[in-house]
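The data block below is input-v1.txt; it holds compact mmCIF, C-alpha atoms.
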```
# COMPACT_ATOMS: atom_id res chain seq x y z
CA MET A 1455 17.66 0.44 21.51
CA SER A 1456 14.76 -2.00 21.15
CA LYS A 1457 13.44 -3.44 17.88
CA TYR A 1458 9.82 -3.23 16.74
CA LEU A 1459 8.61 -5.10 13.67
CA ILE A 1460 5.48 -4.46 11.60
CA ILE A 1461 4.29 -7.19 9.21
CA ASN A 1462 2.00 -5.47 6.72
CA ALA A 1463 -0.11 -6.88 3.90
CA ASP A 1464 -0.61 -4.37 1.11
CA ASP A 1465 -3.53 -3.94 -1.29
CA PHE A 1466 -6.42 -5.05 0.93
CA GLY A 1467 -9.43 -4.85 -1.39
CA TYR A 1468 -7.41 -5.28 -4.60
CA ASN A 1469 -9.60 -8.21 -5.63
CA PRO A 1470 -11.62 -10.92 -3.82
CA GLN A 1471 -8.66 -13.31 -3.78
CA GLN A 1472 -6.35 -10.82 -2.09
CA THR A 1473 -9.08 -9.69 0.31
CA LYS A 1474 -9.71 -13.30 1.34
CA ALA A 1475 -6.04 -14.05 1.94
CA ILE A 1476 -5.43 -10.90 3.99
CA ASP A 1477 -8.61 -11.38 6.01
CA GLU A 1478 -7.52 -14.90 6.95
CA LEU A 1479 -4.03 -13.73 7.89
CA MET A 1480 -5.44 -10.93 10.05
CA ARG A 1481 -7.92 -13.23 11.79
CA GLY A 1482 -5.14 -15.73 12.42
CA LYS A 1483 -2.89 -12.96 13.83
CA LEU A 1484 -0.18 -13.94 11.35
CA ILE A 1485 0.30 -10.33 10.22
CA THR A 1486 0.09 -7.18 12.30
CA SER A 1487 -1.25 -4.63 9.82
CA THR A 1488 -2.90 -4.17 6.45
CA SER A 1489 -3.38 -1.28 4.00
CA LEU A 1490 -6.72 -0.76 2.28
CA MET A 1491 -6.72 0.27 -1.40
CA THR A 1492 -9.90 2.29 -1.68
CA VAL A 1493 -10.01 2.66 -5.48
CA ALA A 1494 -9.75 -1.10 -6.11
CA PRO A 1495 -12.77 -3.29 -7.00
CA ASP A 1496 -13.15 -5.10 -3.66
CA ALA A 1497 -12.50 -2.09 -1.41
CA ALA A 1498 -15.97 -1.86 0.15
CA ASN A 1499 -15.91 -5.55 1.08
CA ALA A 1500 -12.43 -5.20 2.59
CA ALA A 1501 -13.55 -2.18 4.62
CA GLU A 1502 -16.50 -4.12 6.03
CA LEU A 1503 -14.25 -7.05 7.00
CA ALA A 1504 -11.87 -4.59 8.68
CA ARG A 1505 -14.73 -3.02 10.61
CA LEU A 1506 -16.10 -6.37 11.77
CA GLY A 1507 -12.65 -7.67 12.70
CA GLY A 1508 -11.38 -4.46 14.28
CA TYR A 1509 -8.23 -4.75 12.17
CA PRO A 1510 -5.31 -2.27 12.26
CA VAL A 1511 -5.82 -0.62 8.87
CA GLY A 1512 -3.92 2.01 6.95
CA VAL A 1513 -4.93 3.86 3.81
CA HIS A 1514 -2.95 2.60 0.82
CA LEU A 1515 -2.86 5.89 -1.05
CA THR A 1516 -3.34 5.11 -4.74
CA ILE A 1517 -3.42 7.65 -7.56
CA ASN A 1518 -2.80 5.29 -10.48
CA THR A 1519 -4.45 2.15 -11.85
CA ASP A 1520 -3.05 -1.36 -12.31
CA ASP A 1521 -5.87 -2.37 -14.66
CA SER A 1522 -5.69 -0.86 -18.16
CA LYS A 1523 -8.93 -2.50 -19.36
CA ASN A 1524 -11.16 -1.66 -16.39
CA ARG A 1525 -9.44 1.39 -14.98
CA TRP A 1526 -9.90 2.23 -11.35
CA GLN A 1527 -11.73 5.48 -10.66
CA SER A 1528 -10.56 8.12 -8.20
CA ASN A 1529 -12.62 8.56 -5.03
CA SER A 1530 -12.67 12.33 -5.43
CA GLY A 1531 -13.39 12.61 -9.14
CA ALA A 1532 -10.41 14.97 -9.39
CA PRO A 1533 -10.17 15.75 -13.12
CA SER A 1534 -6.41 15.87 -13.59
CA LEU A 1535 -6.00 12.35 -12.21
CA SER A 1536 -8.20 10.86 -14.94
CA GLU A 1537 -6.90 10.16 -18.44
CA LYS A 1538 -9.47 11.48 -20.93
CA GLY A 1539 -12.25 10.58 -18.54
CA MET A 1540 -11.40 6.86 -18.66
CA GLY A 1541 -10.10 6.54 -15.11
CA LEU A 1542 -6.80 6.81 -13.29
CA TYR A 1543 -3.58 6.87 -15.27
CA GLU A 1544 -1.77 3.59 -15.73
CA SER A 1545 1.32 5.35 -17.05
CA GLN A 1546 3.53 6.91 -14.40
CA VAL A 1547 4.70 9.39 -17.02
CA GLY A 1548 1.15 10.44 -17.84
CA LEU A 1549 0.35 10.86 -14.17
CA ALA A 1550 3.46 12.95 -13.54
CA LEU A 1551 2.76 15.19 -16.52
CA HIS A 1552 -0.93 15.87 -15.88
CA ALA A 1553 -1.77 15.49 -12.18
CA ARG A 1554 -2.27 18.72 -10.27
CA ARG A 1555 -1.13 18.79 -6.68
CA ARG A 1556 -4.42 20.19 -5.41
CA ASP A 1557 -6.19 17.23 -7.04
CA VAL A 1558 -3.71 14.81 -5.50
CA ARG A 1559 -4.38 16.32 -2.09
CA ALA A 1560 -8.16 16.10 -2.62
CA GLU A 1561 -7.81 12.45 -3.59
CA LEU A 1562 -5.81 11.59 -0.47
CA GLU A 1563 -8.58 13.09 1.67
CA ALA A 1564 -11.26 11.22 -0.26
CA GLN A 1565 -9.46 7.91 0.24
CA TYR A 1566 -9.09 8.56 3.95
CA ASN A 1567 -12.81 9.39 4.16
CA PHE A 1568 -13.73 6.23 2.24
CA ILE A 1569 -12.33 4.18 5.10
CA SER A 1570 -13.22 6.31 8.12
CA SER A 1571 -16.82 6.84 6.95
CA ARG A 1572 -17.27 3.06 7.07
CA GLY A 1573 -16.46 2.89 10.75
CA VAL A 1574 -12.82 1.87 10.40
CA GLU A 1575 -10.08 3.83 12.15
CA VAL A 1576 -7.16 4.66 9.87
CA ASP A 1577 -3.91 4.10 11.78
CA HIS A 1578 -1.26 4.88 9.14
CA ALA A 1579 -0.74 5.75 5.48
CA ASP A 1580 1.38 4.20 2.75
CA ASN A 1581 1.58 4.45 -1.02
CA HIS A 1582 0.96 2.28 -4.08
CA CYS A 1583 3.65 2.13 -6.79
CA ALA A 1584 5.73 4.89 -5.13
CA THR A 1585 3.69 7.59 -6.89
CA LEU A 1586 3.95 9.81 -3.78
CA TYR A 1587 7.66 9.26 -3.14
CA GLY A 1588 9.08 11.90 -5.50
CA ILE A 1589 10.77 9.47 -7.88
CA ASN A 1590 8.49 10.67 -10.72
CA GLY A 1591 9.94 14.17 -10.45
CA ARG A 1592 6.86 15.61 -8.76
CA ARG A 1593 6.69 16.83 -5.16
CA PHE A 1594 3.63 14.75 -4.30
CA TYR A 1595 5.51 13.45 -1.26
CA ILE A 1596 5.05 16.90 0.29
CA ASP A 1597 1.29 16.57 -0.17
CA ALA A 1598 1.44 13.11 1.42
CA TYR A 1599 3.40 14.49 4.38
CA ASN A 1600 0.96 17.37 4.85
CA PHE A 1601 -1.96 14.94 4.67
CA CYS A 1602 -0.37 12.67 7.29
CA ALA A 1603 0.49 15.58 9.55
CA GLU A 1604 -3.09 16.85 9.43
CA HIS A 1605 -4.50 13.44 10.37
CA SER A 1606 -1.68 12.51 12.80
CA LEU A 1607 -0.81 9.43 10.76
CA PRO A 1608 2.59 7.75 10.54
CA TYR A 1609 3.74 7.22 6.96
CA ARG A 1610 5.53 4.32 5.34
CA PHE A 1611 8.70 6.09 4.30
CA PRO A 1612 12.09 5.39 5.90
CA LYS A 1613 13.90 8.22 7.66
CA THR A 1614 17.04 7.44 5.72
CA ILE A 1615 15.55 8.79 2.47
CA VAL A 1616 14.20 12.26 3.23
CA GLY A 1617 13.76 14.45 6.30
CA ALA A 1618 10.82 16.58 5.13
CA GLY A 1619 8.34 14.34 6.90
CA GLU A 1620 10.10 14.56 10.24
CA ARG A 1621 10.14 18.34 9.98
CA ARG A 1622 6.35 18.17 9.76
CA GLY A 1623 6.13 15.87 12.76
CA VAL A 1624 5.15 12.80 10.70
CA GLY A 1625 6.23 9.49 12.23
CA LEU A 1626 8.49 7.56 9.84
CA LEU A 1627 10.03 4.09 9.80
CA ASP A 1628 13.63 3.38 10.63
CA ASP A 1629 13.75 0.74 7.90
CA LEU A 1630 11.49 -0.69 5.18
CA VAL A 1631 11.82 -4.17 3.68
CA SER A 1632 10.02 -6.08 0.94
CA ASN A 1633 10.75 -8.75 -1.62
CA PRO A 1634 12.73 -7.06 -4.44
CA TRP A 1635 11.78 -9.54 -7.19
CA SER A 1636 8.83 -9.78 -9.55
CA MET A 1637 6.94 -13.10 -9.53
CA ASP A 1638 8.74 -14.39 -12.62
CA ARG A 1639 12.12 -13.81 -10.95
CA ILE A 1640 11.39 -15.76 -7.75
CA LYS A 1641 12.99 -19.20 -7.92
CA ASP A 1642 10.57 -21.00 -5.59
CA TYR A 1643 8.65 -20.74 -2.31
CA ASP A 1644 11.62 -21.72 -0.15
CA THR A 1645 13.72 -18.92 -1.64
CA LEU A 1646 11.04 -16.35 -0.84
CA ARG A 1647 10.49 -17.75 2.66
CA LYS A 1648 14.22 -17.60 3.41
CA TYR A 1649 14.38 -14.00 2.22
CA TYR A 1650 11.70 -12.90 4.68
CA LEU A 1651 13.04 -14.97 7.58
CA ASP A 1652 16.49 -13.46 7.05
CA ALA A 1653 14.90 -10.00 7.00
CA VAL A 1654 13.22 -10.64 10.35
CA GLU A 1655 16.41 -11.97 11.91
CA ASN A 1656 18.43 -8.98 10.73
CA CYS A 1657 16.11 -6.15 11.71
CA ILE A 1658 17.94 -3.01 12.76
CA ASP A 1659 17.21 -1.15 15.99
CA GLY A 1660 14.05 0.93 15.84
CA VAL A 1661 10.86 0.41 13.83
CA THR A 1662 11.05 -1.84 10.77
CA GLU A 1663 8.15 -2.64 8.46
CA ILE A 1664 8.11 -5.69 6.21
CA PHE A 1665 5.36 -5.50 3.61
CA MET A 1666 4.11 -8.12 1.16
CA HIS A 1667 1.14 -8.90 -1.09
CA PRO A 1668 -0.52 -12.19 -0.05
CA ALA A 1669 -3.34 -13.51 -2.24
CA TYR A 1670 -5.07 -16.70 -3.32
CA PRO A 1671 -4.70 -17.77 -6.97
CA ILE A 1672 -7.38 -16.07 -9.07
CA ASP A 1673 -8.73 -19.43 -10.27
CA ASP A 1674 -8.63 -20.83 -6.70
CA LYS A 1675 -6.58 -23.79 -7.91
CA PRO A 1676 -3.65 -25.03 -5.81
CA SER A 1677 -0.28 -23.74 -6.93
CA GLU A 1678 3.38 -24.24 -6.04
CA TRP A 1679 3.05 -21.16 -3.77
CA THR A 1680 0.28 -22.70 -1.62
CA LYS A 1681 1.85 -24.10 1.52
```
Take the structure in this file and express it as structure tokens.
Amino acid sequence: MSKYLIINADDFGYNPQQTKAIDELMRGKLITSTSLMTVAPDAANAAELARLGGYPVGVHLTINTDDSKNRWQSNSGAPSLSEKGMGLYESQVGLALHARRRDVRAELEAQYNFISSRGVEVDHADNHCATLYGINGRRFYIDAYNFCAEHSLPYRFPKTIVGAGERRGVGLLDDLVSNPWSMDRIKDYDTLRKYYLDAVENCIDGVTEIFMHPAYPIDDKPSEWTK
């Protein structure tokens, strides 16, 4: 069996620094795919760069916020996804307790439409913070599978975890790889580089996706990670 590797950069549109880094990597053909986060502050700019560059773009389905001070807003305005009208939940517990599945489904559609209405073809779907993977005790992964089946999108979810997607005809990965450490746990650049090179060398048969989160430093100053 042959091996096929996808190198994906997550969170396109997260902020200008991440947008810039991913745009440069795409233009340089150093990655093969990116995932656009439509609720993030720089999403519209990222979508325009994707349209101009003809990039392979997925929808990075996001139903929570990473920013507690300036909360991201849902694309659909679905009420149960917003905490007291402030914006998307930061707490995974709060999201799991209050989100209604029909609102989750409406939000997935709105995020897809955000990208496609800007002239960018959506070629896959994946998920931010594993909110749609079932680990929060909610069956949102079923809504994600149904969404992907309706739009004929492959989904970033390995076959080894659950078969519900395959039963719906959703294309799934054979394996999924990413750096398992938070930034404060990474020893240095060479350690991180070796991890990813080893992952490439040891890909299993089938379709493997390696995803990462490239970005420039927020203050644009050189750092130990800039090589």
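When CA of Gly1482 in chain A is paired with CA of Asn1567 in chain A, their separation reads 27.5 Å.
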- Message: Residues near Asn1524 in chain A, anyone? I mean within 9 Å using only C-alpha atoms, not counting same-chain ones fewer than 3 positions away, as number ranges by chain.
- Response: A: 1519, 1521, 1540-1541
Using C-alpha atoms, can you write the selected residues to a file as an mmCIF file, in the coordinates of the input?
```
data_model
loop_
_atom_site.group_PDB
_atom_site.id
_atom_site.type_symbol
_atom_site.label_atom_id
_atom_site.label_comp_id
_atom_site.auth_asym_id
_atom_site.auth_seq_id
_atom_site.Cartn_x
_atom_site.Cartn_y
_atom_site.Cartn_z
ATOM 1 C CA THR A 1519 -4.450 2.150 -11.850
ATOM 2 C CA ASP A 1521 -5.870 -2.370 -14.660
ATOM 3 C CA MET A 1540 -11.400 6.860 -18.660
ATOM 4 C CA GLY A 1541 -10.100 6.540 -15.110
#
```
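Comparing A:Ile1672, A:Ile1569, A:Val1631, A:Ala1553 by their smallest distance to Leu1459 in chain A, the closest is A:Val1631 (using only C-alpha atoms).
With CA of Cys1657 in chain A on one side and CA of Met1455 in chain A on the other, the separation reads 11.9 Å.
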- Task: Would you mind listing what lies within 10 Å of Asp1597 in chain A as a ChimeraX atom specification, with only C-alpha atoms counted and same-chain residues fewer than 2 positions away left out?
- Result: /A:1555-1556,1558-1560,1562,1586,1593-1595,1599-1603
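Distances to Glu1478 in chain A were evaluated for A:Leu1503, A:Ala1550, A:Asn1462, A:Val1624 using only C-alpha atoms, and the minimum falls at A:Leu1503.
Going from CA of Asp1580 in chain A over to CA of Lys1538 in chain A, you cover 27.0 Å.
When all atoms listed in the file are used to compute distances to Gly1507 in chain A, the closest of the residues A:Ala1584, A:Ile1658, A:Leu1479, A:Val1493 turns out to be A:Leu1479.
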Which residues come within 12 Å of Tyr1566 in chain A, counting all atoms listed in the file, excluding same-chain residues fewer than 6 positions away, as a compact mmCIF listing (two decimals) with C-alpha atoms, in the frame of the given file?
```txt
# COMPACT_ATOMS: atom_id res chain seq x y z
CA SER A 1489 -3.38 -1.28 4.00
CA LEU A 1490 -6.72 -0.76 2.28
CA MET A 1491 -6.72 0.27 -1.40
CA THR A 1492 -9.90 2.29 -1.68
CA VAL A 1493 -10.01 2.66 -5.48
CA ALA A 1501 -13.55 -2.18 4.62
CA VAL A 1511 -5.82 -0.62 8.87
CA GLY A 1512 -3.92 2.01 6.95
CA VAL A 1513 -4.93 3.86 3.81
CA HIS A 1514 -2.95 2.60 0.82
CA LEU A 1515 -2.86 5.89 -1.05
CA THR A 1516 -3.34 5.11 -4.74
CA ASN A 1529 -12.62 8.56 -5.03
CA SER A 1530 -12.67 12.33 -5.43
CA ARG A 1559 -4.38 16.32 -2.09
CA ALA A 1560 -8.16 16.10 -2.62
CA ARG A 1572 -17.27 3.06 7.07
CA GLY A 1573 -16.46 2.89 10.75
CA VAL A 1574 -12.82 1.87 10.40
CA GLU A 1575 -10.08 3.83 12.15
CA VAL A 1576 -7.16 4.66 9.87
CA ASP A 1577 -3.91 4.10 11.78
CA HIS A 1578 -1.26 4.88 9.14
CA ALA A 1579 -0.74 5.75 5.48
CA ASP A 1580 1.38 4.20 2.75
CA ALA A 1598 1.44 13.11 1.42
CA PHE A 1601 -1.96 14.94 4.67
CA CYS A 1602 -0.37 12.67 7.29
CA GLU A 1604 -3.09 16.85 9.43
CA HIS A 1605 -4.50 13.44 10.37
CA LEU A 1607 -0.81 9.43 10.76
```
- Query: Which is closer to Asn1590 in chain A than all the others in A:Ser1606, A:Ser1545, A:Ser1536, A:Ser1571, using all atoms listed in the file?
  - Reply: A:Ser1545
- Message: Applying 10 Å and all atoms listed in the file, which residues near Ser1456 in chain A remain after dropping the ones on its own chain fewer than 3 positions away? List them as JSON, numbers by chain.
- Response: {"A": [1658, 1659, 1660, 1661]}
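Remark: for Asp1464 in chain A, the closest of the candidate residues A:Arg1610, A:Arg1592, A:Lys1523, A:Arg1505 is A:Arg1610 (distances computed over all atoms listed in the file).
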What would the list of residues within 10 Å of (-3.9, -12.9, 7.7) (file frame) look like as a PDB file with C-alpha atoms, in the frame of the given file, if only C-alpha atoms are what count?
```pdb
ATOM      1  CA  ASN A1462       2.000  -5.470   6.720  1.00  0.00           C
ATOM      2  CA  ALA A1463      -0.110  -6.880   3.900  1.00  0.00           C
ATOM      3  CA  THR A1473      -9.080  -9.690   0.310  1.00  0.00           C
ATOM      4  CA  LYS A1474      -9.710 -13.300   1.340  1.00  0.00           C
ATOM      5  CA  ALA A1475      -6.040 -14.050   1.940  1.00  0.00           C
ATOM      6  CA  ILE A1476      -5.430 -10.900   3.990  1.00  0.00           C
ATOM      7  CA  ASP A1477      -8.610 -11.380   6.010  1.00  0.00           C
ATOM      8  CA  GLU A1478      -7.520 -14.900   6.950  1.00  0.00           C
ATOM      9  CA  LEU A1479      -4.030 -13.730   7.890  1.00  0.00           C
ATOM     10  CA  MET A1480      -5.440 -10.930  10.050  1.00  0.00           C
ATOM     11  CA  ARG A1481      -7.920 -13.230  11.790  1.00  0.00           C
ATOM     12  CA  GLY A1482      -5.140 -15.730  12.420  1.00  0.00           C
ATOM     13  CA  LYS A1483      -2.890 -12.960  13.830  1.00  0.00           C
ATOM     14  CA  LEU A1484      -0.180 -13.940  11.350  1.00  0.00           C
ATOM     15  CA  ILE A1485       0.300 -10.330  10.220  1.00  0.00           C
ATOM     16  CA  THR A1486       0.090  -7.180  12.300  1.00  0.00           C
ATOM     17  CA  SER A1487      -1.250  -4.630   9.820  1.00  0.00           C
ATOM     18  CA  THR A1488      -2.900  -4.170   6.450  1.00  0.00           C
ATOM     19  CA  PRO A1668      -0.520 -12.190  -0.050  1.00  0.00           C
ATOM     20  CA  ALA A1669      -3.340 -13.510  -2.240  1.00  0.00           C
TER      21      ALA A1669
END
```
